[in-house]
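**Student:** What follows is final_21.txt, compact mmCIF, C-alpha atoms.
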```
# COMPACT_ATOMS: atom_id res chain seq x y z
CA MET A 819 233.28 46.16 40.16
CA SER A 820 236.29 48.12 39.09
CA ARG A 821 239.28 48.52 41.39
CA ARG A 822 238.82 52.32 41.63
CA LEU A 823 235.14 51.94 42.60
CA ARG A 824 236.00 49.36 45.28
CA GLN A 825 238.63 51.74 46.75
CA ARG A 826 236.16 54.63 46.83
CA ARG A 827 233.55 52.46 48.55
CA GLN A 828 236.05 51.29 51.16
CA LEU A 829 237.05 54.90 51.82
CA GLN A 830 233.43 55.92 52.34
CA LEU A 831 232.89 53.07 54.79
CA SER A 832 236.03 54.02 56.71
CA ILE A 833 234.87 57.63 57.34
CA PRO A 834 232.83 57.84 60.55
CA GLU A 835 229.59 59.81 60.53
CA GLU A 836 229.94 63.35 61.85
CA GLU A 837 228.46 63.79 65.28
CA ASP A 838 225.87 66.60 65.54
CA ARG A 839 227.42 68.34 68.50
CA ILE A 840 225.50 71.59 68.04
CA SER A 841 222.13 69.92 68.54
CA ALA A 842 223.41 68.50 71.79
CA LEU A 843 224.05 71.95 73.23
CA PRO A 844 221.64 73.23 75.90
CA ASP A 845 219.13 75.89 74.84
CA SER A 846 220.79 78.54 76.98
CA LEU A 847 224.08 78.13 75.12
CA VAL A 848 222.39 78.17 71.69
CA HIS A 849 220.62 81.42 72.68
CA HIS A 850 224.01 82.85 73.64
CA ILE A 851 225.45 81.92 70.22
CA LEU A 852 222.49 83.44 68.37
CA SER A 853 222.85 86.68 70.34
CA PHE A 854 226.13 87.44 68.51
CA LEU A 855 224.54 87.14 65.04
CA PRO A 856 222.62 89.75 63.05
CA SER A 857 218.96 88.73 62.99
CA LYS A 858 219.15 87.94 59.25
CA ASP A 859 221.83 85.32 59.95
CA ALA A 860 220.15 84.12 63.12
CA THR A 861 216.92 83.33 61.26
CA ALA A 862 218.92 81.43 58.64
CA THR A 863 220.02 78.95 61.33
CA THR A 864 216.47 77.58 61.47
CA VAL A 865 217.30 75.44 58.41
CA LEU A 866 219.96 73.60 60.41
CA SER A 867 217.48 71.77 62.56
CA LYS A 868 213.81 71.90 63.53
CA ARG A 869 215.01 72.41 67.07
CA TRP A 870 216.58 75.76 66.16
CA LYS A 871 213.37 77.39 64.87
CA PRO A 872 211.64 77.86 68.23
CA LEU A 873 214.92 79.03 69.70
CA TRP A 874 215.13 81.93 67.23
CA LEU A 875 211.48 82.83 67.89
CA LEU A 876 212.38 83.20 71.56
CA GLU A 877 215.59 85.16 70.93
CA LEU A 878 215.72 88.23 73.18
CA ILE A 879 218.67 90.01 71.49
CA ILE A 880 217.62 91.34 68.08
CA HIS A 881 219.90 93.07 65.57
CA PHE A 882 218.56 94.40 62.23
CA ASN A 883 220.86 95.91 59.57
CA HIS A 884 219.58 97.15 56.20
CA GLN A 885 222.91 96.73 54.38
CA PRO A 886 222.54 93.09 53.25
CA PHE A 887 219.12 93.84 51.70
CA PRO A 888 218.66 95.14 48.13
CA ASP A 889 216.05 97.80 49.02
CA THR A 890 214.02 99.27 51.85
CA PHE A 891 210.90 97.28 50.93
CA THR A 892 212.70 93.94 51.31
CA PHE A 893 214.28 95.04 54.57
CA SER A 894 210.95 96.20 56.05
CA ASN A 895 209.24 92.97 55.03
CA PHE A 896 211.96 90.91 56.67
CA VAL A 897 211.83 92.86 59.93
CA ASP A 898 208.02 92.75 59.93
CA SER A 899 208.02 88.97 59.43
CA ALA A 900 210.72 88.37 62.02
CA MET A 901 208.98 90.47 64.66
CA ALA A 902 205.55 89.00 63.89
CA ASN A 903 206.79 85.43 64.37
CA GLN A 904 208.33 86.14 67.75
CA ASP A 905 206.60 85.59 71.06
CA ASN A 906 205.36 89.09 71.90
CA THR A 907 204.78 88.13 75.51
CA GLN A 908 208.53 87.81 76.06
CA PRO A 909 210.57 90.93 76.94
CA ILE A 910 213.36 92.08 74.62
CA LEU A 911 216.76 92.50 76.22
CA SER A 912 218.41 94.28 73.28
CA PHE A 913 217.03 95.82 70.07
CA HIS A 914 219.49 97.24 67.52
CA ILE A 915 218.39 98.70 64.19
CA LYS A 916 220.55 100.27 61.49
CA CYS A 917 219.03 101.77 58.35
CA HIS A 918 219.21 104.93 56.26
CA TYR A 919 215.61 106.07 56.70
CA TYR A 920 212.83 106.42 59.26
CA ASN A 921 209.21 105.72 58.32
CA SER A 922 206.02 104.26 59.76
CA ASP A 923 207.41 100.71 59.48
CA ILE A 924 210.48 101.50 61.58
CA HIS A 925 208.25 103.35 64.04
CA LYS A 926 206.09 100.23 64.36
CA PHE A 927 209.09 97.97 64.96
CA VAL A 928 210.48 100.25 67.65
CA SER A 929 207.08 100.60 69.31
CA ASN A 930 206.84 96.83 69.44
CA ALA A 931 210.22 96.62 71.16
CA ILE A 932 209.18 99.26 73.71
CA GLN A 933 205.90 97.46 74.40
CA ARG A 934 207.97 94.36 75.12
CA ARG A 935 209.89 96.32 77.76
CA VAL A 936 213.19 96.57 75.89
CA GLN A 937 216.23 97.29 78.07
CA ASN A 938 218.96 98.04 75.50
CA LEU A 939 218.04 100.18 72.48
CA THR A 940 220.42 101.18 69.64
CA PHE A 941 219.58 103.32 66.59
CA ASP A 942 221.76 104.17 63.62
CA LEU A 943 219.57 106.05 61.12
CA SER A 944 222.05 107.85 58.83
CA ARG A 945 220.96 111.37 59.83
CA SER A 946 217.23 110.73 59.47
CA ASP A 947 214.81 112.85 61.48
CA PHE A 948 213.74 110.90 64.50
CA PRO A 949 210.58 111.60 66.58
CA THR A 950 211.68 110.62 70.07
CA ALA A 951 208.73 111.41 72.34
CA PHE A 952 207.65 107.77 72.66
CA ILE A 953 211.21 106.60 73.39
CA LEU A 954 212.40 109.24 75.83
CA ARG A 955 209.69 108.25 78.30
CA THR A 956 210.48 104.52 78.41
CA GLU A 957 210.73 103.23 81.96
CA THR A 958 212.58 100.00 81.18
CA LEU A 959 215.49 101.41 79.15
CA CYS A 960 218.87 100.80 80.80
CA VAL A 961 221.04 101.47 77.71
CA LEU A 962 220.27 103.95 74.90
CA LYS A 963 222.63 104.47 71.95
CA LEU A 964 221.76 106.96 69.20
CA LYS A 965 223.94 107.40 66.12
CA ARG A 966 223.62 109.61 63.04
CA ILE A 967 220.14 110.91 63.75
CA THR A 968 218.37 114.25 64.07
CA LEU A 969 216.40 114.47 67.30
CA ASN A 970 213.12 116.33 67.10
CA TYR A 971 211.77 116.58 70.62
CA GLU A 972 209.21 119.20 71.59
CA GLY A 973 207.18 117.01 73.92
CA PRO A 974 206.96 116.77 77.72
CA LEU A 975 209.93 116.26 79.99
CA VAL A 976 212.23 113.33 79.33
CA ASP A 977 211.64 110.46 81.75
CA LEU A 978 214.20 107.65 81.63
CA PRO A 979 214.27 106.51 85.26
CA SER A 980 216.24 103.29 84.62
CA LEU A 981 218.80 104.59 82.10
CA LYS A 982 222.40 103.95 83.15
CA ILE A 983 224.26 104.21 79.82
CA LEU A 984 223.73 106.90 77.16
CA HIS A 985 225.79 107.08 73.95
CA LEU A 986 225.27 109.90 71.44
CA GLU A 987 227.27 109.96 68.20
CA SER A 988 226.72 112.38 65.30
CA VAL A 989 223.40 113.50 66.76
CA CYS A 990 221.82 116.81 65.78
CA PHE A 991 219.64 118.71 68.29
CA THR A 992 217.39 121.64 67.41
CA TYR A 993 218.44 123.69 70.46
CA TYR A 994 221.16 123.28 73.06
CA GLY A 995 218.41 123.19 75.69
CA HIS A 996 217.32 119.83 74.32
CA ILE A 997 220.61 118.31 75.47
CA ARG A 998 219.97 119.68 78.95
CA LYS A 999 216.44 118.33 78.79
CA LEU A 1000 217.69 114.88 77.85
CA LEU A 1001 220.25 114.72 80.65
CA SER A 1002 217.81 116.02 83.23
CA GLY A 1003 215.58 113.02 82.53
CA CYS A 1004 218.31 110.48 83.36
CA PRO A 1005 218.59 110.64 87.18
CA ILE A 1006 220.69 107.48 87.64
CA LEU A 1007 222.94 107.84 84.57
CA GLN A 1008 226.35 106.23 85.13
CA GLU A 1009 228.02 106.44 81.71
CA LEU A 1010 227.81 109.16 79.06
CA GLU A 1011 229.51 109.17 75.66
CA ALA A 1012 228.89 112.17 73.42
CA ASN A 1013 230.73 112.71 70.14
CA ASP A 1014 230.06 115.11 67.27
CA LEU A 1015 226.90 116.71 68.62
CA THR A 1016 225.56 119.64 66.61
CA ILE A 1017 222.96 122.31 67.34
CA LYS A 1018 220.67 123.59 64.55
CA ILE A 1019 219.79 126.88 66.27
CA PRO A 1020 222.56 127.62 68.79
CA CYS A 1021 221.49 131.20 69.51
CA ARG A 1022 218.03 130.51 70.87
CA VAL A 1023 217.70 130.38 74.65
CA PHE A 1024 215.86 127.33 75.90
CA LEU A 1025 212.93 128.33 78.09
CA GLY A 1026 212.83 125.21 80.24
CA SER A 1027 214.23 124.70 83.72
CA SER A 1028 217.43 126.65 84.42
CA GLN A 1029 218.61 124.08 86.95
CA PRO A 1030 221.42 121.73 85.81
CA PRO A 1031 220.48 118.08 85.41
CA SER A 1032 221.05 115.79 88.34
CA LEU A 1033 223.81 113.36 87.40
CA SER A 1034 224.86 112.39 90.90
CA ASN A 1035 225.54 108.75 89.85
CA LEU A 1036 227.76 109.56 86.89
CA VAL A 1037 230.93 107.45 86.82
CA ARG A 1038 232.34 107.73 83.29
CA ALA A 1039 232.13 110.44 80.62
CA ASN A 1040 233.68 110.50 77.15
CA ILE A 1041 233.12 113.86 75.45
CA SER A 1042 234.39 115.21 72.11
CA ASN A 1043 233.40 117.58 69.30
CA ILE A 1044 230.72 119.48 71.21
CA CYS A 1045 230.30 123.24 71.13
CA PRO A 1046 229.96 124.90 73.55
CA MET A 1047 231.92 122.32 75.56
CA HIS A 1048 231.94 124.03 78.97
CA ASN A 1049 228.12 124.22 79.12
CA LEU A 1050 228.00 120.43 79.11
CA LEU A 1051 231.09 119.72 81.21
CA ASP A 1052 229.86 121.74 84.18
CA ARG A 1053 226.91 119.35 84.37
CA LEU A 1054 229.21 116.31 84.57
CA ARG A 1055 230.96 117.39 87.75
CA ASN A 1056 230.22 114.12 89.58
CA ALA A 1057 232.15 111.96 87.08
CA GLN A 1058 235.00 109.81 88.38
CA HIS A 1059 236.58 108.93 85.01
CA MET A 1060 236.60 111.36 82.07
CA ARG A 1061 237.96 111.44 78.53
CA LEU A 1062 237.88 114.75 76.65
CA LEU A 1063 238.86 116.12 73.24
CA ALA A 1064 239.67 119.82 73.63
CA LYS A 1065 239.93 122.11 70.60
CA TYR A 1066 239.88 125.44 72.43
CA SER A 1067 240.29 126.77 75.95
CA TYR A 1068 237.26 127.25 78.19
CA GLU A 1069 236.53 128.04 81.80
CA LEU A 1070 234.84 125.58 84.12
CA HIS A 1071 232.63 126.96 86.87
CA SER A 1072 232.32 123.71 88.80
CA VAL A 1073 234.75 121.72 90.92
CA PHE A 1074 234.95 118.02 90.03
CA HIS A 1075 235.30 116.58 93.53
CA ASN A 1076 235.00 112.93 92.41
CA LEU A 1077 237.26 112.97 89.35
CA THR A 1078 240.30 110.72 89.76
CA HIS A 1079 241.12 109.84 86.12
CA LEU A 1080 241.38 112.32 83.23
CA GLU A 1081 242.41 111.58 79.64
CA LEU A 1082 242.72 114.68 77.49
CA ARG A 1083 243.45 115.00 73.76
CA LEU A 1084 244.59 118.47 72.74
CA ASP A 1085 243.70 119.47 69.18
CA PHE A 1086 243.75 123.27 69.35
CA MET A 1087 243.47 125.50 66.32
CA HIS A 1088 246.86 126.87 65.22
CA ASN A 1089 246.29 130.41 66.45
CA ARG A 1090 245.43 129.11 69.94
CA GLY A 1091 248.17 126.50 70.21
CA MET A 1092 250.62 128.54 72.32
CA LEU A 1093 248.09 128.97 75.14
CA LYS A 1094 246.87 125.42 75.66
CA TRP A 1095 249.44 124.23 78.21
CA SER A 1096 249.11 127.23 80.50
CA TRP A 1097 245.31 126.87 80.20
CA LEU A 1098 245.57 123.21 81.15
CA ILE A 1099 247.65 123.80 84.28
CA LYS A 1100 245.02 126.29 85.47
CA LEU A 1101 242.24 123.85 84.60
CA LEU A 1102 243.72 121.35 87.07
CA GLN A 1103 242.49 123.61 89.87
CA ASN A 1104 239.02 122.19 89.16
CA PHE A 1105 240.14 118.58 89.82
CA PRO A 1106 241.42 118.49 93.43
CA LEU A 1107 241.39 114.67 93.79
CA LEU A 1108 242.87 113.82 90.39
CA GLN A 1109 245.17 110.77 90.55
CA THR A 1110 245.81 109.93 86.89
CA LEU A 1111 246.43 112.46 84.11
CA ILE A 1112 246.95 111.30 80.51
CA ILE A 1113 247.52 113.91 77.80
CA GLU A 1114 247.89 113.34 74.07
CA GLU A 1115 249.02 116.17 71.81
CA VAL A 1116 247.48 116.05 68.33
CA ASP A 1117 249.43 118.94 66.73
CA THR A 1118 253.11 118.02 67.00
CA VAL A 1119 254.26 120.19 64.08
CA HIS A 1120 253.34 123.86 64.53
CA ASN A 1121 255.66 125.61 66.97
CA PHE A 1122 254.49 128.91 68.46
CA GLY A 1123 257.26 129.16 71.04
CA ALA A 1124 257.04 129.23 74.83
CA GLY A 1125 255.75 132.77 75.22
CA GLY A 1126 252.32 131.64 76.40
CA TRP A 1127 253.56 129.95 79.57
CA THR A 1128 253.37 131.41 83.08
CA ASP A 1129 253.52 129.44 86.32
CA PRO A 1130 250.19 129.62 88.15
CA GLU A 1131 250.14 131.62 91.38
CA ILE A 1132 248.68 128.65 93.27
CA VAL A 1133 249.83 125.06 92.75
CA PRO A 1134 246.80 122.88 91.90
CA GLU A 1135 245.69 120.85 94.91
CA CYS A 1136 245.84 117.54 93.02
CA LEU A 1137 249.61 118.01 92.47
CA LEU A 1138 250.20 118.54 96.18
CA SER A 1139 248.45 115.46 97.48
CA HIS A 1140 246.85 113.12 94.93
CA LEU A 1141 248.40 112.94 91.46
CA THR A 1142 250.33 109.66 91.20
CA THR A 1143 250.45 109.09 87.43
CA CYS A 1144 251.15 111.54 84.61
CA SER A 1145 251.55 110.43 81.00
CA LEU A 1146 252.36 112.74 78.08
CA ARG A 1147 251.88 111.19 74.63
CA SER A 1148 253.23 112.46 71.30
CA TYR A 1149 255.66 114.73 73.15
CA SER A 1150 257.69 117.01 70.86
CA ARG A 1151 258.86 119.73 73.28
CA ILE A 1152 257.12 122.60 71.44
CA ASN A 1153 254.43 125.12 72.51
CA CYS A 1154 255.24 125.12 76.24
CA GLU A 1155 255.09 121.33 76.42
CA LEU A 1156 258.52 121.30 78.09
CA GLN A 1157 257.45 123.90 80.65
CA PHE A 1158 254.33 121.90 81.49
CA ALA A 1159 256.29 118.66 82.01
CA LYS A 1160 258.84 120.49 84.15
CA TYR A 1161 256.10 122.06 86.29
CA ILE A 1162 254.40 118.70 86.87
CA MET A 1163 257.67 117.04 87.93
CA GLN A 1164 258.74 119.87 90.25
CA ASN A 1165 255.38 120.30 92.01
CA SER A 1166 253.85 116.81 92.27
CA ARG A 1167 254.63 115.54 95.75
CA VAL A 1168 253.23 111.99 95.51
CA LEU A 1169 253.94 111.28 91.83
CA SER A 1170 255.00 107.67 91.28
CA ILE A 1171 254.93 107.43 87.46
CA MET A 1172 256.02 110.13 85.02
CA LYS A 1173 255.82 108.69 81.52
CA ILE A 1174 256.64 110.70 78.41
CA GLN A 1175 256.16 109.17 74.98
CA SER A 1176 257.88 111.09 72.21
CA ALA A 1177 256.24 111.87 68.87
CA LYS A 1178 256.79 109.15 66.27
CA PHE A 1179 258.38 111.42 63.66
CA LEU A 1180 261.34 112.41 65.90
CA ASP A 1181 264.75 110.96 65.11
CA THR A 1182 266.87 109.07 67.64
CA ASN A 1183 269.30 111.92 68.40
CA THR A 1184 266.46 114.34 69.14
CA LYS A 1185 264.86 111.81 71.49
CA ILE A 1186 268.16 111.35 73.35
CA GLN A 1187 268.54 115.12 73.79
CA MET A 1188 264.96 115.37 75.08
CA SER A 1189 265.53 112.58 77.56
CA LEU A 1190 268.70 114.20 78.90
CA GLU A 1191 266.99 117.56 79.20
CA LEU A 1192 263.99 116.16 81.10
CA SER A 1193 266.23 114.07 83.36
CA SER A 1194 268.07 117.20 84.45
CA PHE A 1195 264.93 118.63 86.10
CA PRO A 1196 264.56 117.87 89.81
CA MET A 1197 261.60 115.76 90.94
CA ASN A 1198 259.53 116.78 93.95
CA SER A 1199 258.71 113.13 94.51
CA THR A 1200 261.80 111.11 95.46
CA THR A 1201 260.20 107.81 94.46
CA CYS A 1202 259.18 108.73 90.91
CA PRO A 1203 261.29 107.53 87.96
CA LEU A 1204 261.12 109.32 84.61
CA LEU A 1205 260.08 106.93 81.83
CA PHE A 1206 260.95 108.41 78.43
CA ILE A 1207 259.97 106.34 75.42
```
Starting from the coordinates I provided, produce the structure as structure tokens.
**Tutor:**
Amino acid sequence: MSRRLRQRRQLQLSIPEEEDRISALPDSLVHHILSFLPSKDATATTVLSKRWKPLWLLELIIHFNHQPFPDTFTFSNFVDSAMANQDNTQPILSFHIKCHYYNSDIHKFVSNAIQRRVQNLTFDLSRSDFPTAFILRTETLCVLKLKRITLNYEGPLVDLPSLKILHLESVCFTYYGHIRKLLSGCPILQELEANDLTIKIPCRVFLGSSQPPSLSNLVRANISNICPMHNLLDRLRNAQHMRLLAKYSYELHSVFHNLTHLELRLDFMHNRGMLKWSWLIKLLQNFPLLQTLIIEEVDTVHNFGAGGWTDPEIVPECLLSHLTTCSLRSYSRINCELQFAKYIMQNSRVLSIMKIQSAKFLDTNTKIQMSLELSSFPMNSTTCPLLFI
């Protein structure tokens, strides 16, 4: 035996065998690991050990994504096989499907999940038409997330008695009334996210119930890119925490008695830019218990002057007794921004934090001048420092 061969053999004998630590894990922990994997990868783990195969078949969190597959036929076959091999007597906790089409196969997969009393349902269908009648009457749904789909719903009333979380992103409705119809069927909704909602026929009046939906349990709302905005916001008046993207001024007809936290991004069209700050100070009248106000200015370039500012006749109630934190982001002093900051500081009695973050493009000298100018304004609250960044 050659010297090199003897050395290699000694090295092999000196390396201890790897311990199979994964197989020693309890089933509950393996299920938790599999829940983070797309179903295509989760099924691939069955080759690791015979013990893993039954664990996948009992997996209750299922995630299908068409992107790794070469065509729709291969994707449908995989989903069909995966669903067929599972134990259909077990409930599904979470079912997530992402594909660029909707056909009878996808309908069958979703129906199977609903029959197994799915609790968390997520669809991303790349703007495909989506018949929703069989979903929007699912008693077990606690979380529903719809993305890039067109909702076609002409059926009976929506009935989602267990739904607590609803996310809508890039969803197209036929009529605005269908949004009302959807919300009215979610009596215990706690969280609503709605972004980039469009209406095919905005002029038609929906002939359903004229009563606003009951959202008495709503806690959080995140709303952006919806027109008309005020029609939806008035129905969210019970929210405690709200994030909004505003592109134009609107009037609210409801008082938000529970709202304590408001984050607002201002992205007004150029010809409306000079009015946004005076509109905002009047809007605060609708939020009497507001404690935290965070405002981010998107347009920090176009300056229309301060001609659009007038002090309101009545100081908003939240400034007199509740507002403790005010943060202005991307501050550049233009379009009545200075007047707004001054008004907040001079009229907020219990303010404890006034934080102003300057726009990134400003030079150091300009920032110093802004800081000195703001510091010269008197504070109504004697315990509030001005934090200028």
**Student:** Please determine, counting only C-alpha atoms, which residue among A:Tyr994, A:Phe882, A:Phe1105, A:Trp1095 has the shortest atom-to-atom distance to Ser1072 of chain A.
**Tutor:**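 With only C-alpha atoms as the atom set, the closest residue is A:Phe1105.
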**Student:** Smallest atom-to-atom distance to Lys965 of chain A: which of A:Thr1128, A:Thr940, A:Asn1198, A:Ser1034, using all atoms listed in the file?
**Tutor:**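 Result for the nearest residue to Lys965 of chain A: A:Thr940.
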**Student:** Need the shell around Ile1174 of chain A: protein/DNA/RNA residues with any atom at most 10 Å away, counting only C-alpha atoms. Skip same-chain ones fewer than 5 positions apart. Format as a list in words?
**Tutor:**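 Contacts, with the query itself left out: Ile1112, Ile1113, Cys1144, Ser1145, Leu1146, Arg1147, Ser1148, Tyr1149, Ser1150, Ala1159, Ser1189, Leu1192, Leu1204, Leu1205, Phe1206 and Ile1207 of chain A.
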**Student:** Could you save the residues just selected, with C-alpha atoms, as a PDB file, in the coordinates of the input?
**Tutor:**
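Result saved to part28.pdb:
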```
ATOM      1  CA  ILE A1112     246.950 111.300  80.510  1.00  0.00           C
ATOM      2  CA  ILE A1113     247.520 113.910  77.800  1.00  0.00           C
ATOM      3  CA  CYS A1144     251.150 111.540  84.610  1.00  0.00           C
ATOM      4  CA  SER A1145     251.550 110.430  81.000  1.00  0.00           C
ATOM      5  CA  LEU A1146     252.360 112.740  78.080  1.00  0.00           C
ATOM      6  CA  ARG A1147     251.880 111.190  74.630  1.00  0.00           C
ATOM      7  CA  SER A1148     253.230 112.460  71.300  1.00  0.00           C
ATOM      8  CA  TYR A1149     255.660 114.730  73.150  1.00  0.00           C
ATOM      9  CA  SER A1150     257.690 117.010  70.860  1.00  0.00           C
ATOM     10  CA  ALA A1159     256.290 118.660  82.010  1.00  0.00           C
ATOM     11  CA  SER A1189     265.530 112.580  77.560  1.00  0.00           C
ATOM     12  CA  LEU A1192     263.990 116.160  81.100  1.00  0.00           C
ATOM     13  CA  LEU A1204     261.120 109.320  84.610  1.00  0.00           C
ATOM     14  CA  LEU A1205     260.080 106.930  81.830  1.00  0.00           C
ATOM     15  CA  PHE A1206     260.950 108.410  78.430  1.00  0.00           C
ATOM     16  CA  ILE A1207     259.970 106.340  75.420  1.00  0.00           C
TER      17      ILE A1207
END
```
**Student:** Could you list, as a ChimeraX atom specification, every residue within 12 Å of Leu1051 of chain A, counting only C-alpha atoms and ignoring same-chain residues fewer than 5 positions away?
**Tutor:** /A:998,1001,1010,1012,1030-1031,1033,1039-1042,1044-1046,1056-1057,1060-1064,1068-1074,1104
**Student:** Counting all atoms listed in the file, which of A:Ile953, A:Ser1166, A:Ala900, A:Arg1083 gets nearest to Ser929 of chain A?
**Tutor:**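 Using all atoms listed in the file, Ser929 of chain A sits closest to A:Ile953.
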**Student:** Would you work out the distance separating atom CA of Gln1058 of chain A from atom CA of Leu1101 of chain A, expressed in Å to one decimal?
**Tutor:**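 That distance, rounded to one decimal, is 16.2 Å.
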**Student:** Can you tell me how far atom CA of Asp977 of chain A sits from atom CA of Cys960 of chain A, in Å to one decimal?
**Tutor:**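 Atom CA of Cys960 of chain A lies 12.1 Å from atom CA of Asp977 of chain A.
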**Student:** Hey, could you pull the box centre and edge lengths for segment 897-915 of chain A, axis-aligned, 4 Å padding per side, all listed atoms, to one decimal in Å, as JSON?
**Tutor:**
```
{"center_x": 212.1, "center_y": 92.1, "center_z": 68.2, "size_x": 22.7, "size_y": 21.3, "size_z": 25.5}
```
**Student:** State, in Å with one decimal place, the distance from atom CA of Val897 of chain A to atom CA of Pro979 of chain A.
**Tutor:**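 If I compute the distance from atom CA of Val897 of chain A to atom CA of Pro979 of chain A, I get 28.9 Å.
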**Student:** Extract, using only C-alpha atoms, all DNA, RNA and protein residues at most 6 Å from Gln1008 of chain A, discarding same-chain residues fewer than 5 positions from it, and format them as a VMD selection string.
**Tutor:** chain A and resid 982 1035 to 1037
**Student:** When you count all atoms listed in the file, which of these residues is closest to Met1163 of chain A: A:Ser988, A:Ser1176, A:Ser894, A:Ser1193?
**Tutor:** A:Ser1193
**Student:** Which of these residues is nearest to Cys1136 of chain A, using all atoms listed in the file: A:Gln1157, A:Asn1043, A:Gln1109, A:Asn903?
**Tutor:**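 For Cys1136 of chain A, the nearest of the given residues is A:Gln1109.
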**Student:** Using all atoms listed in the file, determine which residues lie at most 9 Å from Leu1169 of chain A, disregarding the query and same-chain residues fewer than 3 positions distant; provide the list as an mmCIF file with C-alpha atoms, keeping the file's coordinate frame.
**Tutor:**
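As written to disk, out-v2.cif reads:
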```
data_model
loop_
_atom_site.group_PDB
_atom_site.id
_atom_site.type_symbol
_atom_site.label_atom_id
_atom_site.label_comp_id
_atom_site.auth_asym_id
_atom_site.auth_seq_id
_atom_site.Cartn_x
_atom_site.Cartn_y
_atom_site.Cartn_z
ATOM 1 C CA GLN A 1109 245.170 110.770 90.550
ATOM 2 C CA LEU A 1137 249.610 118.010 92.470
ATOM 3 C CA SER A 1139 248.450 115.460 97.480
ATOM 4 C CA HIS A 1140 246.850 113.120 94.930
ATOM 5 C CA LEU A 1141 248.400 112.940 91.460
ATOM 6 C CA THR A 1142 250.330 109.660 91.200
ATOM 7 C CA THR A 1143 250.450 109.090 87.430
ATOM 8 C CA CYS A 1144 251.150 111.540 84.610
ATOM 9 C CA ILE A 1162 254.400 118.700 86.870
ATOM 10 C CA MET A 1163 257.670 117.040 87.930
ATOM 11 C CA SER A 1166 253.850 116.810 92.270
ATOM 12 C CA MET A 1172 256.020 110.130 85.020
ATOM 13 C CA MET A 1197 261.600 115.760 90.940
ATOM 14 C CA ASN A 1198 259.530 116.780 93.950
ATOM 15 C CA SER A 1199 258.710 113.130 94.510
ATOM 16 C CA THR A 1200 261.800 111.110 95.460
ATOM 17 C CA THR A 1201 260.200 107.810 94.460
ATOM 18 C CA CYS A 1202 259.180 108.730 90.910
#
```
**Student:** Which residue gives the smallest distance to Ile880 of chain A among A:Val1133, A:Leu939, A:Ala1177, A:Ala951, with all atoms listed in the file counted?
**Tutor:**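 Nearest to Ile880 of chain A: A:Leu939.
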**Student:** So that I can look at just that part, could you write segment 1165-1176 of chain A with N, CA and C atoms, as an mmCIF file, in the first residue's frame?
**Tutor:**
```cif
data_model
loop_
_atom_site.group_PDB
_atom_site.id
_atom_site.type_symbol
_atom_site.label_atom_id
_atom_site.label_comp_id
_atom_site.auth_asym_id
_atom_site.auth_seq_id
_atom_site.Cartn_x
_atom_site.Cartn_y
_atom_site.Cartn_z
ATOM 1 N N ASN A 1165 -49.959 75.303 20.031
ATOM 2 C CA ASN A 1165 -51.308 74.985 20.492
ATOM 3 C C ASN A 1165 -51.442 73.619 21.160
ATOM 4 N N SER A 1166 -50.380 72.833 21.181
ATOM 5 C CA SER A 1166 -50.443 71.498 21.788
ATOM 6 C C SER A 1166 -50.035 71.583 23.253
ATOM 7 N N ARG A 1167 -50.986 71.411 24.139
ATOM 8 C CA ARG A 1167 -50.747 71.638 25.563
ATOM 9 C C ARG A 1167 -49.974 70.514 26.236
ATOM 10 N N VAL A 1168 -50.158 69.264 25.786
ATOM 11 C CA VAL A 1168 -49.532 68.126 26.472
ATOM 12 C C VAL A 1168 -48.462 67.466 25.606
ATOM 13 N N LEU A 1169 -48.002 68.154 24.592
ATOM 14 C CA LEU A 1169 -46.984 67.603 23.694
ATOM 15 C C LEU A 1169 -45.700 67.304 24.467
ATOM 16 N N SER A 1170 -45.170 66.097 24.265
ATOM 17 C CA SER A 1170 -43.924 65.714 24.936
ATOM 18 C C SER A 1170 -42.791 65.460 23.946
ATOM 19 N N ILE A 1171 -43.127 65.176 22.684
ATOM 20 C CA ILE A 1171 -42.107 64.951 21.650
ATOM 21 C C ILE A 1171 -42.508 65.688 20.380
ATOM 22 N N MET A 1172 -41.659 66.599 19.943
ATOM 23 C CA MET A 1172 -41.834 67.271 18.656
ATOM 24 C C MET A 1172 -40.581 66.994 17.842
ATOM 25 N N LYS A 1173 -40.708 66.074 16.885
ATOM 26 C CA LYS A 1173 -39.548 65.617 16.119
ATOM 27 C C LYS A 1173 -39.716 66.028 14.665
ATOM 28 N N ILE A 1174 -38.709 66.723 14.130
ATOM 29 C CA ILE A 1174 -38.753 67.162 12.742
ATOM 30 C C ILE A 1174 -37.502 66.648 12.037
ATOM 31 N N GLN A 1175 -37.732 65.850 11.012
ATOM 32 C CA GLN A 1175 -36.641 65.261 10.234
ATOM 33 C C GLN A 1175 -36.563 65.970 8.888
ATOM 34 N N SER A 1176 -35.465 66.631 8.632
ATOM 35 C CA SER A 1176 -35.335 67.423 7.410
ATOM 36 C C SER A 1176 -35.185 66.525 6.187
#
```
